[in-house]
Amino acid sequence: MRRVGALVQAALPAAPVVVLSATAGTTNSLLTAAEAAERGDVAGALLDVRALGERHRTLAHDLLGPSSTLDADIDGFVHEIEMLVRGIGLLRELSPRSRDAVASFGERLSTLLLTAHLREEGILTTHVDARSVLRTDDGFGAARPDREAVEGLCAERLRPHVGAQRAVVTEGFVGATEQGVTTTLGRGGSDYTAALLGEALGAAEVQIWTDVEGVYTADPRIVPDARPIPELSFAEAAELAAFGAKVLHPATIQPAVAAGIPVTVRDTMRPEGRYTSIQAEVSTGRSVTAIASRTGITVITVTSSRMLMQSGFLERLFEVFGRHAVNVDLVATAEVSVSLTVDGSVPLKAVLAELAEFSRVSVAEQRAVVAVIGERLKATPGIARRVFGALAELNVEMISMGANEINLSLVIAAADVPKAVRALHAALFG
């Protein structure tokens with residue numbers, strides 16, 4: 001928290017709006033307690049909640065001294081969580097609405113601590129509850145913001161507090177419906193919040209502070225010699241995010257694209273070090289920008305001789321996926337078959353049953369997508385030869401070129417991802 005305070009102090013001339021995540025492990029602890037209550041272990045859940053409260057009291061005393069005035073506020077939050085947990089235990093049901101209500105307390109606690117710490121440091125600081133400005137639908141767990149409403153609410157409730165030499169602190173990840181019901185935005189929600197507020201406020205920049213020096217040419221955990229990328233176009237960043245880059249979330253990029261706001265990804269441990277700048281367009285001359293991968297993929301192959309005889313077959317096929325709200329990522333077609341990739345965690349029983357009414361269906365699980373991303377892919381002769389040469393010893397099951405022509409995706413067995421990513425990185429960046 002002190003490190004965050006130092007970053008805010010340095011940014012004061014630029015009138016910062018600070019979007020904060022929960023402290024490490026807090027969201028998981030909250031959800032673990034809620035799930036225990038659903039199983040009937042209310043006593044264990046309450047112990048977990050009280051331990052979480054004690055941890056935040058310790059953080060408050062560390063930041064503000066033993067005479068911290070936050071104990072009563074933290075106790076109030078703990079009491080609210082306990083009431084929720086008791087209700088979940090009584091009903092033996094953890095509804096999506098209740099899950100979001102519980103999960104929101106991580107960010108609400110962290111902003112309480114940071115606001116007090118900044119004020120203790122003499123920084124004029126205002127806390128604005130994100131639920132008062134981030135209007136969403138009721139899609140609990142992955143709520144969709146109403147960007148027009150967010151813009152109006154920010155103008156009314158957040159902008160008046162923004163100014164040089166003062167800070168505004170608000171929660172990431174958390175929003176609320178028009179009726180005031182708490183929601184969450186899902187994975188990458190804090191970054192998404194920052195981009196949404198940046199768009200609404202017309203910010204000069206959206207800074208994402210994380211634990212790495214920007215976006216890398218590959219996952220450093222797989223490729224130790226992967227290196228930071230100084231500049232990314234919005235299109236490249238969106239593709240990297242969609243295909244597995246851990247420090248970005250696809251939705252984070254979109255509001256910034258709409259408003260033309262540059263995004264930088266920076267390292268909290270090295271604030272003056274290297275970082276990645278994401279802008280509408282960049283001119284680097286490179287053919288390949290990065291290698292990304294995503295596991296947990298299922299491939300569905302639909303085969304039917306009707307494809308040769310009947311127009312509208314693909315339309316009928318995609319209508320099935322649409323009816324069941326299953327997103328299709330990659331598509332490859334042949335004369336009498338179509339292969340598609342979907343998220344392996346999505347229930348497919350109903351989809352497969354409907355597809356089987358007019359075609360033969362096969363399913364391959366435990367697959368992965370490895371993507372080669374770069375804005376000049378199509379314009380660079382020999383790229384395909386280098387890619388397939390690097391993967392010569394692996395079985396490539398499906399190939400798809402993105403409609404924007406900056407993403408060449410290959411489907412392989414999930415177990416082959418480390419070998420594939422290392423081989424591609426060596427061939428394209430070595």
# chains A, B, ... in the order shown; residues from 1 in each chain; ligands from 1

call {"tool": "select_by_dssp", "arguments": {"residues": "region 244-273 of chain A", "states": "strand (DSSP E)", "output": "list in words"}}
result
Val263, Thr264, Val265, Arg266 and Asp267 of chain A

call {"tool": "residues_around", "arguments": {"residues": "Gly44 (chain A)", "least_positions_apart": "4", "cutoff": "12 Å", "atoms": "only C-alpha atoms", "output": "number ranges by chain"}}
result
A: 29, 32-40, 48-51, 82, 85-86, 89

call {"tool": "write_last_selection", "arguments": {"atoms": "C-alpha atoms", "output": "mmCIF file, in the first residue's frame"}}
result
data_model
loop_
_atom_site.group_PDB
_atom_site.id
_atom_site.type_symbol
_atom_site.label_atom_id
_atom_site.label_comp_id
_atom_site.auth_asym_id
_atom_site.auth_seq_id
_atom_site.Cartn_x
_atom_site.Cartn_y
_atom_site.Cartn_z
ATOM 1 C CA SER A 29 -10.648 -15.676 0.757
ATOM 2 C CA THR A 32 -13.922 -19.411 -0.112
ATOM 3 C CA ALA A 33 -15.891 -18.285 2.940
ATOM 4 C CA ALA A 34 -19.064 -17.862 0.881
ATOM 5 C CA GLU A 35 -18.664 -21.324 -0.650
ATOM 6 C CA ALA A 36 -18.101 -22.845 2.795
ATOM 7 C CA ALA A 37 -21.335 -21.250 3.998
ATOM 8 C CA GLU A 38 -23.189 -22.680 1.005
ATOM 9 C CA ARG A 39 -21.964 -26.144 2.030
ATOM 10 C CA GLY A 40 -23.319 -25.561 5.529
ATOM 11 C CA ASP A 48 -12.423 -16.970 7.681
ATOM 12 C CA VAL A 49 -14.243 -13.636 7.517
ATOM 13 C CA ARG A 50 -12.984 -12.582 10.957
ATOM 14 C CA ALA A 51 -9.442 -13.577 10.012
ATOM 15 C CA GLU A 82 -20.941 -11.958 8.238
ATOM 16 C CA VAL A 85 -22.463 -15.391 4.932
ATOM 17 C CA ARG A 86 -25.163 -16.274 7.470
ATOM 18 C CA GLY A 89 -25.666 -20.621 4.978
#

call {"tool": "residues_around", "arguments": {"residues": "Gln165 (chain A)", "least_positions_apart": "4", "cutoff": "9 Å", "atoms": "only C-alpha atoms", "output": "ChimeraX atom specification"}}
result
/A:9,11-16,123-124

call {"tool": "write_last_selection", "arguments": {"atoms": "C-alpha atoms", "output": "mmCIF file, in the first residue's frame"}}
result
data_model
loop_
_atom_site.group_PDB
_atom_site.id
_atom_site.type_symbol
_atom_site.label_atom_id
_atom_site.label_comp_id
_atom_site.auth_asym_id
_atom_site.auth_seq_id
_atom_site.Cartn_x
_atom_site.Cartn_y
_atom_site.Cartn_z
ATOM 1 C CA GLN A 9 2.309 11.096 -4.810
ATOM 2 C CA ALA A 11 1.318 11.507 -10.149
ATOM 3 C CA LEU A 12 -0.316 14.374 -8.235
ATOM 4 C CA PRO A 13 0.465 17.055 -10.849
ATOM 5 C CA ALA A 14 -1.562 15.012 -13.371
ATOM 6 C CA ALA A 15 -4.738 14.882 -11.225
ATOM 7 C CA PRO A 16 -4.811 11.109 -10.733
ATOM 8 C CA ILE A 123 -2.546 14.291 0.164
ATOM 9 C CA LEU A 124 -5.979 15.803 -0.413
#

call {"tool": "closest_residue", "arguments": {"among": "A:Ala423, A:Leu31, A:Ile373, A:Val361", "to": "Phe388 (chain A)", "atoms": "only C-alpha atoms"}}
result
A:Ala423

call {"tool": "atom_distance", "arguments": {"atom1": "CA of Ile88 (chain A)", "atom2": "CA of Gly76 (chain A)"}}
result
18.7 Å
